[in-house]
Each structure stands twice: as C-alpha cells, then as structure tokens.
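Dumped upload-v9.txt below, it's compact mmCIF, C-alpha atoms:
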```
# COMPACT_ATOMS: atom_id res chain seq x y z
CA MET A 1 -119.01 -106.34 -77.61
CA MET A 2 -121.21 -107.50 -74.72
CA VAL A 3 -124.58 -109.17 -75.13
CA THR A 4 -126.67 -109.91 -72.08
CA ALA A 5 -129.56 -112.28 -71.60
CA SER A 6 -132.84 -112.03 -69.61
CA ALA A 7 -136.39 -113.27 -69.58
CA ALA A 8 -137.66 -110.80 -72.14
CA SER A 9 -137.53 -111.00 -75.89
CA ALA A 10 -138.73 -108.87 -78.76
CA ASP A 11 -140.92 -109.52 -81.77
CA CYS A 12 -140.34 -107.66 -85.01
CA VAL A 13 -143.07 -107.70 -87.62
CA ALA A 14 -143.41 -105.99 -90.97
CA ASP A 15 -146.67 -104.35 -92.04
CA PRO A 16 -147.73 -106.22 -95.20
CA ILE A 17 -149.04 -103.02 -96.80
CA THR A 18 -146.59 -100.31 -95.80
CA GLY A 19 -143.58 -102.52 -95.20
CA GLU A 20 -142.89 -100.67 -91.94
CA VAL A 21 -141.14 -102.75 -89.29
CA HIS A 22 -142.26 -102.64 -85.68
CA CYS A 23 -140.31 -104.22 -82.81
CA GLU A 24 -142.24 -104.74 -79.61
CA ASP A 25 -140.92 -106.07 -76.32
CA GLU A 26 -143.12 -108.89 -75.04
CA ASP A 27 -142.82 -107.67 -71.46
CA ASN A 28 -143.19 -103.91 -71.65
CA GLY A 29 -143.93 -102.97 -75.23
CA ASN A 30 -140.83 -100.87 -75.73
CA THR A 31 -139.52 -100.45 -79.22
CA GLY A 32 -136.40 -102.41 -79.89
CA GLY A 33 -135.16 -105.67 -78.44
CA ASP A 34 -134.73 -106.59 -74.86
CA ASP A 35 -131.55 -108.38 -74.31
CA GLU A 36 -132.00 -111.80 -73.07
CA GLY A 37 -133.33 -115.31 -72.67
CA THR A 38 -133.37 -117.27 -69.47
CA ASP A 39 -132.03 -120.67 -70.22
CA GLY A 40 -129.02 -120.17 -72.45
CA GLY A 41 -131.13 -120.60 -75.56
CA SER A 42 -132.13 -117.01 -75.36
CA SER A 43 -132.82 -114.33 -77.88
CA SER A 44 -130.10 -111.71 -78.05
CA THR A 45 -129.39 -108.18 -79.13
CA CYS A 46 -127.18 -107.17 -82.00
CA SER A 47 -125.72 -103.72 -82.59
CA THR A 48 -126.15 -101.36 -85.51
CA SER A 49 -123.19 -99.37 -86.85
CA SER A 50 -124.34 -96.46 -84.66
CA GLY A 51 -124.30 -98.64 -81.54
CA THR A 52 -128.07 -99.04 -81.19
CA GLU A 53 -129.08 -102.43 -79.77
CA ILE A 54 -131.76 -104.32 -81.68
CA PRO A 55 -132.99 -107.94 -81.78
CA CYS A 56 -130.74 -110.26 -83.75
CA THR A 57 -133.86 -111.88 -85.22
CA GLY A 58 -136.21 -109.75 -87.28
CA PRO A 59 -139.49 -110.20 -89.16
CA GLY A 60 -140.25 -113.68 -90.41
CA GLY A 61 -137.11 -115.17 -88.92
CA SER A 62 -134.78 -112.81 -90.80
CA VAL A 63 -131.32 -112.39 -89.30
CA TRP A 64 -129.39 -109.18 -88.62
CA SER A 65 -126.55 -108.58 -91.04
CA SER A 66 -123.70 -106.35 -89.91
CA SER A 67 -122.56 -105.88 -93.49
CA HIS A 68 -125.96 -104.80 -94.83
CA GLN A 69 -127.16 -103.12 -91.59
CA CYS A 70 -130.57 -104.75 -91.91
CA TRP A 71 -132.35 -108.02 -91.21
CA VAL A 72 -131.84 -110.23 -94.27
CA GLY A 73 -134.80 -112.48 -94.94
CA ASP A 74 -136.21 -114.66 -97.68
CA VAL A 75 -135.50 -114.37 -101.39
CA TRP A 76 -137.51 -111.48 -102.84
CA ASP A 77 -140.08 -112.53 -105.41
CA PRO A 78 -141.72 -109.51 -107.10
CA GLY A 79 -143.73 -111.77 -109.36
CA GLY A 80 -144.01 -111.51 -113.11
CA ALA A 81 -140.71 -111.94 -114.89
CA GLY A 82 -138.86 -111.50 -111.60
CA ALA A 83 -136.20 -109.03 -110.67
CA GLN A 84 -133.15 -108.52 -112.82
CA PRO A 85 -129.71 -108.89 -111.23
CA PRO A 86 -127.57 -105.77 -110.82
CA PRO A 87 -125.18 -104.80 -113.62
CA GLY A 88 -122.33 -107.25 -114.02
CA GLN A 89 -124.19 -110.01 -112.16
CA THR A 90 -126.29 -112.96 -113.28
CA ASN A 91 -128.93 -115.02 -111.54
CA GLN A 92 -126.25 -117.64 -111.03
CA ASP A 93 -124.15 -115.18 -109.01
CA GLY A 94 -126.69 -114.47 -106.28
CA ALA A 95 -130.25 -113.44 -105.51
CA TRP A 96 -132.33 -110.55 -104.25
CA HIS A 97 -133.40 -110.88 -100.62
CA ILE A 98 -135.78 -108.87 -98.48
CA CYS A 99 -133.83 -106.44 -96.33
CA TYR A 100 -135.80 -105.17 -93.31
CA TRP A 101 -134.51 -101.84 -92.00
CA PRO A 102 -134.59 -101.29 -88.22
CA PRO A 103 -136.77 -98.63 -86.54
CA PRO A 104 -137.41 -95.76 -86.55
CA GLY A 105 -138.98 -95.11 -89.92
CA SER A 106 -138.28 -98.69 -90.87
CA SER A 107 -139.43 -100.51 -93.98
CA TRP A 108 -137.88 -103.04 -96.32
CA ASP A 109 -136.08 -103.03 -99.62
CA PRO A 110 -134.56 -105.73 -101.79
CA VAL A 111 -130.84 -106.30 -101.32
CA TRP A 112 -128.57 -108.31 -103.61
CA VAL A 113 -126.78 -111.13 -101.81
CA GLN A 114 -124.04 -112.89 -103.71
CA ASN A 115 -123.65 -116.63 -103.48
CA GLY A 116 -121.36 -117.51 -100.61
CA GLU A 117 -121.81 -114.13 -98.93
CA VAL A 118 -122.37 -114.52 -95.21
CA THR A 119 -125.20 -112.36 -93.94
CA ILE A 120 -125.63 -113.81 -90.45
CA ASP A 121 -124.20 -111.88 -87.51
CA PRO A 122 -121.71 -114.01 -85.54
CA VAL A 123 -123.51 -113.21 -82.27
CA VAL A 124 -126.51 -115.15 -83.59
CA LEU A 125 -124.29 -118.20 -84.03
CA ALA A 126 -122.92 -117.65 -80.52
CA GLN A 127 -126.47 -117.79 -79.19
CA ARG A 128 -127.10 -120.99 -81.13
CA ALA A 129 -123.97 -122.49 -79.59
CA ILE A 130 -125.19 -121.53 -76.11
CA ALA A 131 -128.61 -123.04 -76.80
CA SER A 132 -126.97 -126.35 -77.70
CA MET A 133 -125.25 -126.43 -74.28
CA ASP A 134 -128.64 -126.91 -72.56
CA LEU A 135 -127.47 -125.12 -69.42
CA ASP A 136 -129.29 -125.55 -66.09
CA PRO A 137 -129.34 -123.87 -62.66
CA ILE A 138 -127.16 -125.43 -60.01
CA GLN A 139 -128.34 -128.02 -57.53
CA ILE A 140 -128.28 -126.49 -54.05
CA GLY A 141 -126.17 -128.08 -51.36
CA ILE A 142 -126.83 -126.59 -47.93
CA VAL A 143 -126.43 -127.36 -44.22
CA PRO A 144 -128.65 -127.24 -42.27
CA GLU A 145 -130.39 -129.53 -44.72
CA SER A 146 -133.79 -128.76 -46.14
CA GLY A 147 -136.57 -130.97 -44.85
CA PRO A 148 -139.58 -130.98 -42.50
CA ASN A 149 -137.59 -132.72 -39.76
CA ARG A 150 -134.39 -130.68 -40.22
CA VAL A 151 -133.81 -127.55 -38.14
CA GLY A 152 -130.70 -125.39 -37.88
CA LEU A 153 -129.93 -123.10 -34.99
CA VAL A 154 -129.70 -119.34 -34.77
CA GLY A 155 -126.09 -118.19 -34.83
CA LEU A 156 -124.59 -121.45 -36.08
CA PRO A 157 -122.77 -121.59 -39.43
CA VAL A 158 -124.71 -122.29 -42.61
CA TRP A 159 -122.72 -123.90 -45.42
CA MET A 160 -123.73 -123.48 -49.10
CA TRP A 161 -122.24 -125.21 -52.12
CA VAL A 162 -122.96 -126.50 -55.63
CA ASP A 163 -124.14 -130.07 -55.23
CA SER A 164 -122.84 -132.53 -57.85
CA PRO A 165 -121.60 -129.85 -60.28
CA THR A 166 -121.59 -130.76 -63.97
CA ASP A 167 -120.50 -129.02 -67.15
CA ASP A 168 -124.05 -127.83 -67.80
CA THR A 169 -124.63 -126.49 -64.26
CA PHE A 170 -121.26 -124.85 -63.59
CA GLY A 171 -119.02 -125.18 -66.65
CA PRO A 172 -116.72 -124.73 -68.32
CA ILE A 173 -118.46 -126.06 -71.38
CA THR A 174 -117.67 -125.35 -75.04
CA ALA A 175 -119.86 -125.61 -78.11
CA SER A 176 -119.85 -124.24 -81.64
CA ALA A 177 -122.31 -123.31 -84.36
CA SER A 178 -121.81 -122.69 -88.06
CA GLU A 179 -123.60 -121.30 -91.05
CA GLY A 180 -121.98 -121.15 -94.44
CA SER A 181 -118.33 -120.35 -94.02
CA VAL A 182 -118.75 -118.76 -90.58
CA SER A 183 -118.15 -120.80 -87.44
CA VAL A 184 -118.36 -119.51 -83.89
CA SER A 185 -116.99 -121.23 -80.79
CA ALA A 186 -118.33 -120.34 -77.34
CA THR A 187 -117.13 -121.33 -73.86
CA ALA A 188 -119.44 -120.83 -70.88
CA SER A 189 -118.73 -120.96 -67.17
CA VAL A 190 -120.26 -119.68 -63.94
CA SER A 191 -118.38 -116.65 -62.61
CA ASN A 192 -120.23 -116.37 -59.29
CA ILE A 193 -123.34 -117.46 -57.45
CA VAL A 194 -125.59 -115.09 -55.51
CA TRP A 195 -127.35 -116.81 -52.64
CA ASP A 196 -130.57 -115.17 -51.47
CA MET A 197 -130.84 -116.49 -47.94
CA GLY A 198 -134.49 -115.53 -47.45
CA ASP A 199 -133.79 -113.27 -44.45
CA GLY A 200 -133.16 -110.14 -46.48
CA THR A 201 -129.47 -110.84 -47.05
CA THR A 202 -127.55 -112.14 -50.05
CA VAL A 203 -124.17 -113.85 -50.16
CA THR A 204 -122.02 -113.80 -53.30
CA CYS A 205 -119.64 -116.74 -53.72
CA THR A 206 -117.12 -116.96 -56.54
CA GLY A 207 -116.67 -120.72 -56.54
CA LYS A 208 -118.59 -123.94 -56.04
CA GLY A 209 -118.40 -123.70 -52.26
CA THR A 210 -117.24 -126.41 -49.88
CA PRO A 211 -119.51 -129.39 -49.14
CA TYR A 212 -120.08 -129.81 -45.41
CA ALA A 213 -118.77 -132.87 -43.58
CA ASP A 214 -119.36 -133.84 -39.93
CA HIS A 215 -115.71 -133.40 -38.98
CA TYR A 216 -116.01 -129.64 -39.64
CA GLY A 217 -118.22 -129.33 -36.57
CA LYS A 218 -119.25 -125.73 -35.91
CA GLN A 219 -116.62 -124.12 -38.14
CA ASP A 220 -117.58 -121.48 -40.69
CA SER A 221 -117.47 -122.52 -44.32
CA PRO A 222 -114.11 -121.47 -45.75
CA THR A 223 -115.66 -120.53 -49.08
CA CYS A 224 -119.40 -119.84 -48.89
CA GLY A 225 -121.37 -119.44 -45.69
CA HIS A 226 -123.92 -117.50 -43.67
CA ARG A 227 -125.36 -117.20 -40.14
CA TYR A 228 -129.02 -116.55 -39.38
CA GLU A 229 -129.69 -114.06 -36.61
CA LYS A 230 -133.28 -115.01 -35.86
CA MET A 231 -135.62 -117.97 -36.08
CA SER A 232 -137.65 -118.65 -39.20
CA THR A 233 -140.94 -119.22 -37.38
CA ASP A 234 -142.42 -115.98 -38.74
CA GLN A 235 -141.61 -116.93 -42.34
CA PRO A 236 -144.05 -118.59 -44.78
CA ASP A 237 -144.25 -122.29 -43.83
CA GLY A 238 -141.88 -121.50 -40.99
CA ALA A 239 -138.79 -121.60 -43.19
CA TYR A 240 -136.39 -119.27 -44.96
CA GLN A 241 -136.62 -119.69 -48.74
CA VAL A 242 -133.08 -120.00 -50.11
CA ILE A 243 -132.53 -119.27 -53.81
CA ALA A 244 -129.26 -119.50 -55.75
CA THR A 245 -128.65 -117.50 -58.92
CA SER A 246 -125.67 -118.53 -61.02
CA HIS A 247 -124.13 -115.84 -63.22
CA TRP A 248 -122.87 -117.30 -66.50
CA VAL A 249 -120.22 -115.66 -68.64
CA VAL A 250 -119.76 -116.87 -72.21
CA GLU A 251 -116.71 -115.92 -74.25
CA TRP A 252 -117.19 -116.43 -77.98
CA THR A 253 -115.11 -115.92 -81.09
CA GLY A 254 -115.62 -116.41 -84.80
CA GLY A 255 -116.52 -114.65 -88.02
CA GLY A 256 -113.76 -112.14 -87.40
CA GLN A 257 -115.40 -110.99 -84.17
CA SER A 258 -115.41 -111.90 -80.48
CA GLY A 259 -117.59 -111.00 -77.57
CA THR A 260 -119.06 -111.79 -74.18
CA ILE A 261 -122.58 -112.92 -73.37
CA GLU A 262 -123.78 -112.88 -69.77
CA PHE A 263 -126.98 -114.21 -68.23
CA ASP A 264 -128.36 -115.65 -64.98
CA LEU A 265 -130.00 -118.96 -64.15
CA THR A 266 -131.98 -119.24 -60.91
CA THR A 267 -132.97 -122.25 -58.84
CA ASP A 268 -136.30 -122.99 -57.23
CA ALA A 269 -136.52 -122.00 -53.57
CA VAL A 270 -135.28 -124.47 -50.94
CA PRO A 271 -136.86 -124.10 -47.46
CA VAL A 272 -134.45 -123.96 -44.51
CA ARG A 273 -135.84 -123.99 -40.98
CA ILE A 274 -133.99 -122.18 -38.20
CA GLY A 275 -134.80 -122.46 -34.49
CA GLU A 276 -133.20 -121.73 -31.13
CA ALA A 277 -131.49 -124.15 -28.79
CA GLN A 278 -133.67 -124.97 -25.78
CA VAL A 279 -132.06 -124.60 -22.37
CA LEU A 280 -133.48 -127.05 -19.83
CA THR A 281 -133.44 -126.16 -16.12
CA GLN A 282 -134.36 -128.31 -13.12
```
Show the structure stored in the file as structure tokens.
Amino acid sequence: MMVTASAASADCVADPITGEVHCEDEDNGNTGGDDEGTDGGSSSTCSTSSGTEIPCTGPGGSVWSSSHQCWVGDVWDPGGAGAQPPPGQTNQDGAWHICYWPPPGSSWDPVWVQNGEVTIDPVVLAQRAIASMDLDPIQIGIVPESGPNRVGLVGLPVWMWVDSPTDDTFGPITASASEGSVSVSATASVSNIVWDMGDGTTVTCTGKGTPYADHYGKQDSPTCGHRYEKMSTDQPDGAYQVIATSHWVVEWTGGGQSGTIEFDLTTDAVPVRIGEAQVLTQ
C-alpha cells in the first residue's frame, strides 16, 4: 500500500435529507479524496476493497473502516425506544453506528459495531503518528552565501547542503499512534532533496550534502553541487531564487498492515547573486 501526501484535501458531507454522501476536493472539486497534506499532518487516502482511493476521513469526522467498507461515525440514535440489537446481541455487547457509504450512489445505513471491535483504518493512525512528528523543511546551506553583499562568480562551484540537520528536518524519526487495541509505528526520513537553482535547472541529491569549508577552495562539492553559466543580473532582485524540496518517505506498520507514505516539504526561496570576475587592464 502506498499513500501520498500533497497540499489538497477532500471534504465529505452527508445530505441531511437524502443521506447521500458527497466528497469534494478543496482545490479542484473532483469527487473523491486528493491524497495529501503538506506538513506531515496531512489528510490521506484510504483504499476500498476494489482499490478505489477515498479520503480516510468522512462526514462528521467519521473514519474509514476496512472491515465495514464504509466511514464509521457516531452512534446511531433513531429516537423513540431506540434501535434493537441484532439477534444474539444485547446493548451491552455493542452499538449501532452510522455507516457512510462512499460515492457513487452513496448514502448511510446503521452498522452494528461490537464492543472492542476496531473500526479505524491503520493508515489513519499512521497519519496521526506523522502529524505528531511536526516535520519541517530543511534549512538551506549554500555557498556562495545568500546576502546583499555576497556574490558568487559564473562558472565557479556552488555547494548545497542541509544546514544543522535535525530529526524533524531530515530524519530518521519514529512515532506511534494508537486507538483501542490497534497501534501503528511510523519511521520517517528524507530520501532525497531536489534543489531548484532558479536558472531553470534542478539538482537531485540523495544525502545531506557536504558543508563548504575554506580549505576546499574551488573544488566541486563531492556530494551536492552546481555551476551557474550566466550572471543573475536579469533575475528578479538580481538574484537566482534557490528552493529545496525534501522528499520524505514514511514506513509504517501496525494493525496487521504495513505501508509507505510519501510527501514533500519545500523551503522558502533563498536569493543567490552571481556575477562575473572583472579583468582590470592598464
């Protein structure tokens, strides 16, 4: 199972009269759930038995249940004398809950949930574990340094690295989440970083990079580097805007399942100014 994460999420609401469930993507209005959140505390997609991806969270905060193939919500209260338990059961054995069926043609029905029965999908707990990690984009380390009085030169090496890496900016970091008898453990780490250098090129680096030191001189970075071919004077504010996107991979296991969740975290732009060496003649 793979669950990805992005900036979009989906809302699922039930019509109070017809009971029909509608899922609408907040970004583009498509039916069904988009598959991500941006900061590790994202919404996620779960899968039906037919393989269709839907939001893990349904109407009114209900949660997708793999066993019931619906979003299981609050206890159902029909009013009056209440609903009778199914044959062979008593009100001490469980309760009727609202079961929201996914689109198309969706509606809801009551479903009997026995005491101690786990209805939450483990991927939801994996997402909760990720949210508790409070993951952040990396801090950019780069030479030539960013600053109004700092200028690199065309053709000279540029070094990029993760500055002061921590568990929550590069990993690995492990967290867990539980509900009832189900516990899920998740371990997150950055698999690679894509550096958008602002000149139309990107550089993909699989590690933290190597911090620059003066004794390296004009050597290329052994792990993560670039060379600009032209000055940045024609760029906005006269600088290339460097952005680093870290790609996180989370491996989780629990509830008799395991899976992978992947998502990206992106830094703010860092301006890097590039000029040309001036040749003085007498």
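The gap separating atom CA of Ser66 of chain A from atom CA of Thr52 of chain A is 12.2 Å, in Å to one decimal.
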Next on the checklist: Every residue with an atom at most 12 Å from (-130.0, -128.2, -46.4) (file coordinates; only C-alpha atoms) is what I'm after, so could you write them as a ChimeraX atom specification?
Outcome noted: /A:139-152,158-163,197,211-212,239-243,269-274
Residue contacts of Met133 of chain A (8 Å, all atoms listed in the file) excluding same-chain residues fewer than 5 positions away, as a tab-separated table (two decimals) with C-alpha atoms, keeping the file's coordinate frame:
```tsv
chain	number	residue	atom	x	y	z
A	40	GLY	CA	-129.02	-120.17	-72.45
A	168	ASP	CA	-124.05	-127.83	-67.80
A	173	ILE	CA	-118.46	-126.06	-71.38
A	174	THR	CA	-117.67	-125.35	-75.04
A	175	ALA	CA	-119.86	-125.61	-78.11
```
Item to check | Spatial neighbours of Ser246 of chain A, max dist 8 Å, all atoms listed in the file, sep filter under 4 positions, as an MDAnalysis selection string | outcome: chainID A and resid 137:138 190:194 264:266
Next on the checklist: List the spatial neighbours of segment 185-189 of chain A as number ranges by chain - criterion: any atom at most 10 Å away, all atoms listed in the file, same-chain residues fewer than 3 positions off excluded.
Outcome noted: A: 40, 122, 125-130, 133, 135, 167-178, 192, 246-255, 258-262
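You will find atom CA of Trp112 of chain A at 9.5 Å from atom CA of Trp76 of chain A.
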Checklist entry - So how far away is atom CA of Asp109 of chain A from atom CA of Gly79 of chain A, in Å? => result 15.2 Å
Return as AutoDock Vina command-line options the box centre and box size in Å, one decimal, for an axis-aligned box around all listed atoms of segment 93-105 of chain A padded by 6 Å per side.
```
--center_x -131.6 --center_y -105.1 --center_z -97.8 --size_x 26.8 --size_y 32.1 --size_z 34.5
```
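When the distance limit is 7 Å and only C-alpha atoms are what count, the residues near Ile98 of chain A, minus those fewer than 4 positions from it on the same chain, are Val72, Gly73, Asp74, Val75, Trp76, Trp108, Asp109, Pro110 and Val111 of chain A.
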Checklist outcome for this item: One residue among A:Gly82, A:Gly200, A:Val184, A:Ser65 is nearest to Glu229 of chain A when using all atoms listed in the file, and that residue is A:Gly200
Checklist entry - A:Thr223, A:Thr45, A:Ser164, A:Gln84: which is nearest Trp96 of chain A, counting all atoms listed in the file? => result A:Gln84
